[in-house]
Protein chains: 2
Amino acid sequence: MAFNELNWVDFLKNKVKKSNNVLVGIGDDCALVKLENRNVLLKSDLFIEDIHFKLQDTSYKTIGMRAVARVLSDIAACGGMPKFLGISIGISRFVSEKNLKEILKGAIYLSKKYNFRLIGGDTACTDKIFLDVWAIGSCDKFIKRSTANDGDYIFVTGKLGERKFNESFTPRLNEAKYLASNFKISSMIDISDGFALDLARLLKESRKGALIHKNKIPAVHGESDFYRGEDYELIFTVDKNERKMDLLKSKFYFLGTVESRKFGYKIEDNNKLSKVNITGYTHF
Amino acid sequence: MAFNELNWVDFLKNKVKKSNNVLVGIGDDCALVKLENRNVLLKSDLFIEDIHFKLQDTSYKTIGMRAVARVLSDIAACGGMPKFLGISIGISRFVSEKNLKEILKGAIYLSKKYNFRLIGGDTACTDKIFLDVWAIGSCDKFIKRSTANDGDYIFVTGKLGERKFNESFTPRLNEAKYLASNFKISSMIDISDGFALDLARLLKESRKGALIHKNKIPAVHGESDFYRGEDYELIFTVDKNERKMDLLKSKFYFLGTVESRKFGYKIEDNNKLSKVNITGYTHF
């Protein structure tokens with residue numbers, strides 16, 4: 001039996017215990033560690049040909065951008081900002097020097113836009129292209145996935161399905177900083193595998209359920225956007241006692257509430273409740 | 001034309017400029033950055049099936065150990081100590097859960113021995129196994145490759161060819177700390193691709209030559225060990241005015257001196273000088 005990602009994460013969780021210098025370990029968007037008495041965010045993410053992207057569907061520059069943007073999105077989901085970033089590249093012999101430079105240009109573009117430093121990485125010749133992007137960031141206040149409470153309001157930072165990845169893609173770093181600095185944000189996660197699944201992850205970590213109102217889902221193409229990945233918007237929950245809820249509702253999309261675990265994960269459509277069905281995700 | 005590692009490093013060097021928070025950029029064993037006013041070591045290293053190891057020659061636990069030990073050796077070569085380490089794994093569908101756990105056990109063994117924390121990493125299903133190990137470390141005084149001076153003494157920490165990788169393999173972290181704390185070490189590098197080649201790298205970065213005495217090379221199997229990789233000993237140079245040179249000579253292996261670039265990279269055998277020949281390395 002081969003390991004899937006969930007097994008691997010669970011196995012690592014058991015092996016990699018929290019300690020006084022590992023404040024947030026495995027299982028959140030980033031790890032949070034204490035280094036010389038400072039809090040530091042750590043994250044790595046693989047981006048692999050024929051798993052995460054297909055060569056015929058994308059430009060080389062976009063490969064570099066997407067690989068990096070995925071990590072930036074995770075850092076945003078913790079309320080952090082990136083500082084240093086390394087890229088290890090496995091590069092097939094069929095990729096020209098020009099195209100390899102294009103990949104790097106995608107990374108450099110984002111490093112300028114978000115003011116972090118590329119500090120290198122390793123390279124090797126492989127059959128298929130892969131990038132392993134690892135990043136170090138800072139954050140004033142780490143926002144976990146696991147701290148949503150009953151009655152909290154659930155928001156998303158943007159319309160679902162609107163931004164399939166393109167060159168103007170923007171990880172929600174600035175929005176996350178704004179949220180973390182100005183509101184009682186109780187939990188946050190980024191959408192990498194679809195709103196429905198990533199909210200399920202947040203709920204699982206928080207040991208909560210949720211009620212989502214179908215008519216409030218800001219989906220561009222209808223219900224399918226609820227399940228589709230790579231939006232890289234942020235899902236966040238807000239303490240029900242937040243006084244500036246109206247301001248949040250004017251800037252972001254409110255679409256439901258956190259409920260008890262017992263209630264489960266449900267969607268309301270014309271006053272009819274049904275379970276949210278997530279293929280391959282059987283927690284609820 | 002495909003990129004080789006040297007091209008890639010040169011390309012990155014040009015793109016990744018030093019700045020006030022990147023103290024040592026691309027081209028040394030590790031990068032050194034300033035994070036919240038503290039110096040931090042960063043390093044990543046790929047370890048790939050059929051490039052760096054063959055499945056039939058090694059145990060799964062040893063795969064994990066070797067992948068991690070390579071990074072620890074680079075941290076040692078800068079005079080640092082590891083603090084946090086992440087591993088991204090590409091794992092083929094033919095690897096069982098048991099064997100994947102063995103790989104991780106190799107990493108955990110070293111994390112206990114050297115007191116650093118594993119803080120996770122990403123995973124994906126790939127055709128061949130690869131590990132990308134990235135590490136964060138600390139160092140009081142960063143020892144570069146590029147700062148050897150004319151007349152400095154050249155040492156190596158152990159016999160060449162003695163420690164082909166096995167379970168008792170020890171990265172020279174403690175030795176490096178001892179050297180950095182007690183002696184005028186002018187430059188250092190670890191032996192990953194053979195003494196001859198790695199010394200050439202140090203000399204290239206320092207813009208120097210060297211004279212090596214063949215009868216002083218501490219080689220277990222003769223001259224071939226001079227060229228063979230994966231010793232993971234450290235090559236270091238010591239300021240010619242170091243007063244405790246005799247102590248160093250009693251603990252480590254002295255084998256030559258740093259010379260001018262014009263002199264070149266030469267080996268002396270019975271008073272006869274010849275050029276050191278390094279396949280695929282044409283700097284001198």
# chains A, B, ... in the order shown; residues from 1 in each chain; ligands from 1
>>> residues_around(residues="Gly158 of chain B", least_positions_apart="4", cutoff="8 Å", atoms="only C-alpha atoms", output="list in words")
Pro218, Glu233, Leu234, Phe252 and Tyr253 of chain B
>>> select_by_dssp(residues="segment 23-88 of chain A", states="helix (DSSP H, G or I)", output="NGL selection string")
:A and (55-57 or 60-77)
>>> write_last_selection(atoms="C-alpha atoms", output="mmCIF file, in the first residue's frame")
data_model
loop_
_atom_site.group_PDB
_atom_site.id
_atom_site.type_symbol
_atom_site.label_atom_id
_atom_site.label_comp_id
_atom_site.auth_asym_id
_atom_site.auth_seq_id
_atom_site.Cartn_x
_atom_site.Cartn_y
_atom_site.Cartn_z
ATOM 1 C CA LEU A 55 3.775 21.559 -20.099
ATOM 2 C CA GLN A 56 1.358 22.076 -22.985
ATOM 3 C CA ASP A 57 -1.048 24.126 -20.828
ATOM 4 C CA TYR A 60 7.637 28.416 -18.472
ATOM 5 C CA LYS A 61 7.386 31.761 -16.748
ATOM 6 C CA THR A 62 3.978 30.766 -15.397
ATOM 7 C CA ILE A 63 5.452 27.526 -14.010
ATOM 8 C CA GLY A 64 7.862 29.585 -11.907
ATOM 9 C CA MET A 65 5.129 31.978 -10.850
ATOM 10 C CA ARG A 66 2.633 29.298 -9.889
ATOM 11 C CA ALA A 67 5.182 27.284 -7.899
ATOM 12 C CA VAL A 68 6.145 30.368 -5.910
ATOM 13 C CA ALA A 69 2.614 31.781 -5.622
ATOM 14 C CA ARG A 70 1.377 28.560 -3.996
ATOM 15 C CA VAL A 71 3.872 29.057 -1.184
ATOM 16 C CA LEU A 72 3.079 32.764 -0.862
ATOM 17 C CA SER A 73 -0.582 31.858 -0.571
ATOM 18 C CA ASP A 74 0.212 29.520 2.347
ATOM 19 C CA ILE A 75 2.194 32.254 4.050
ATOM 20 C CA ALA A 76 -0.729 34.639 3.538
ATOM 21 C CA ALA A 77 -3.060 32.055 5.100
#
>>> closest_residue(among="A:Leu35, A:Ala219, A:Ala176, A:Val258", to="Leu203 of chain A", atoms="only C-alpha atoms")
A:Val258
>>> atom_distance(atom1="atom CA of Lys251 of chain B", atom2="atom CA of Asn182 of chain B")
12.9 Å
>>> atom_distance(atom1="atom CA of Asn115 of chain A", atom2="atom CA of Thr170 of chain A")
13.6 Å
>>> residues_around(residues="Asp50 of chain B", least_positions_apart="3", cutoff="10 Å", atoms="only C-alpha atoms", output="short mmCIF file (atom, residue, chain, number, x, y, z; two decimals) with N, CA and C atoms, in the first residue's frame")
data_model
loop_
_atom_site.label_atom_id
_atom_site.label_comp_id
_atom_site.auth_asym_id
_atom_site.auth_seq_id
_atom_site.Cartn_x
_atom_site.Cartn_y
_atom_site.Cartn_z
N THR A 126 16.52 15.67 -14.20
CA THR A 126 15.51 14.65 -13.93
C THR A 126 14.68 14.39 -15.19
N PHE B 47 18.41 14.99 -3.39
CA PHE B 47 18.97 13.64 -3.31
C PHE B 47 18.03 12.74 -4.09
N PHE B 53 21.78 8.15 -5.69
CA PHE B 53 21.81 6.81 -5.09
C PHE B 53 21.06 5.84 -5.98
N LYS B 54 21.39 4.54 -5.81
CA LYS B 54 20.64 3.49 -6.49
C LYS B 54 19.97 2.63 -5.42
N LEU B 55 18.70 2.31 -5.67
CA LEU B 55 17.92 1.58 -4.67
C LEU B 55 18.58 0.26 -4.25
N LYS B 128 10.32 8.36 -9.68
CA LYS B 128 11.50 7.97 -8.92
C LYS B 128 11.51 8.71 -7.58
N ILE B 129 12.20 8.13 -6.64
CA ILE B 129 12.28 8.75 -5.32
C ILE B 129 13.18 9.98 -5.38
N PHE B 130 12.74 11.08 -4.82
CA PHE B 130 13.68 12.16 -4.56
C PHE B 130 13.37 12.80 -3.23
#
>>> closest_residue(among="B:Ile189, B:Leu211, B:Ala196, B:Leu248", to="Asp269 of chain B", atoms="only C-alpha atoms")
B:Leu211
>>> select_by_dssp(residues="segment 15-103 of chain A", states="strand (DSSP E)", output="PyMOL selection string")
chain A and resi 22-24+31-35+38-48+81-91
>>> atom_distance(atom1="atom CA of Asp127 of chain B", atom2="atom CA of Asp122 of chain A")
19.7 Å
>>> decode(residues="segment 60-141 of chain A", atoms="C-alpha atoms", output="CSV table (one decimal), in the first residue's frame")
chain,number,residue,atom,x,y,z
A,60,TYR,CA,7.6,28.4,-18.5
A,61,LYS,CA,7.4,31.8,-16.7
A,62,THR,CA,4.0,30.8,-15.4
A,63,ILE,CA,5.5,27.5,-14.0
A,64,GLY,CA,7.9,29.6,-11.9
A,65,MET,CA,5.1,32.0,-10.9
A,66,ARG,CA,2.6,29.3,-9.9
A,67,ALA,CA,5.2,27.3,-7.9
A,68,VAL,CA,6.1,30.4,-5.9
A,69,ALA,CA,2.6,31.8,-5.6
A,70,ARG,CA,1.4,28.6,-4.0
A,71,VAL,CA,3.9,29.1,-1.2
A,72,LEU,CA,3.1,32.8,-0.9
A,73,SER,CA,-0.6,31.9,-0.6
A,74,ASP,CA,0.2,29.5,2.3
A,75,ILE,CA,2.2,32.3,4.0
A,76,ALA,CA,-0.7,34.6,3.5
A,77,ALA,CA,-3.1,32.1,5.1
A,78,CYS,CA,-1.1,32.3,8.3
A,79,GLY,CA,-1.1,36.1,8.3
A,80,GLY,CA,2.6,36.3,7.4
A,81,MET,CA,4.9,37.9,4.9
A,82,PRO,CA,7.7,36.1,2.9
A,83,LYS,CA,11.3,37.1,3.6
A,84,PHE,CA,13.6,34.5,1.9
A,85,LEU,CA,12.8,31.9,-0.7
A,86,GLY,CA,14.8,29.0,-2.2
A,87,ILE,CA,13.9,26.9,-5.2
A,88,SER,CA,15.3,23.4,-5.8
A,89,ILE,CA,14.7,22.4,-9.4
A,90,GLY,CA,14.7,19.1,-11.1
A,91,ILE,CA,15.0,19.9,-14.8
A,92,SER,CA,14.7,17.5,-17.7
A,93,ARG,CA,17.4,17.5,-20.4
A,94,PHE,CA,14.8,18.6,-22.9
A,95,VAL,CA,14.3,22.0,-21.3
A,96,SER,CA,16.5,24.7,-22.9
A,97,GLU,CA,18.5,27.2,-21.0
A,98,LYS,CA,16.2,29.9,-22.3
A,99,ASN,CA,13.1,28.1,-20.8
A,100,LEU,CA,14.9,27.5,-17.5
A,101,LYS,CA,15.5,31.2,-17.3
A,102,GLU,CA,11.9,31.8,-18.0
A,103,ILE,CA,10.9,29.7,-15.0
A,104,LEU,CA,13.2,31.7,-12.8
A,105,LYS,CA,11.9,35.0,-14.2
A,106,GLY,CA,8.4,34.0,-12.9
A,107,ALA,CA,9.9,33.6,-9.5
A,108,ILE,CA,11.9,36.9,-9.7
A,109,TYR,CA,8.7,38.8,-10.8
A,110,LEU,CA,7.0,37.8,-7.6
A,111,SER,CA,10.1,38.4,-5.5
A,112,LYS,CA,10.1,42.0,-6.7
A,113,LYS,CA,6.3,42.4,-6.3
A,114,TYR,CA,6.3,41.1,-2.7
A,115,ASN,CA,9.8,42.3,-1.6
A,116,PHE,CA,11.3,39.0,-0.6
A,117,ARG,CA,14.8,37.6,-1.5
A,118,LEU,CA,15.6,34.6,-3.6
A,119,ILE,CA,18.5,32.9,-2.0
A,120,GLY,CA,19.2,30.0,-4.3
A,121,GLY,CA,18.5,26.3,-4.2
A,122,ASP,CA,19.8,23.1,-5.6
A,123,THR,CA,19.4,21.7,-9.2
A,124,ALA,CA,19.5,18.3,-10.8
A,125,CYS,CA,18.8,16.7,-14.1
A,126,THR,CA,15.5,14.6,-13.9
A,127,ASP,CA,13.0,13.0,-16.3
A,128,LYS,CA,10.3,15.5,-15.5
A,129,ILE,CA,10.4,19.1,-14.3
A,130,PHE,CA,9.8,19.6,-10.6
A,131,LEU,CA,10.2,22.6,-8.3
A,132,ASP,CA,10.5,22.5,-4.6
A,133,VAL,CA,9.9,26.0,-3.2
A,134,TRP,CA,10.8,26.6,0.4
A,135,ALA,CA,10.3,29.9,2.2
A,136,ILE,CA,11.0,31.7,5.4
A,137,GLY,CA,8.6,34.4,6.5
A,138,SER,CA,7.7,36.6,9.4
A,139,CYS,CA,4.4,37.1,11.1
A,140,ASP,CA,3.3,39.3,14.0
A,141,LYS,CA,0.3,37.0,14.9
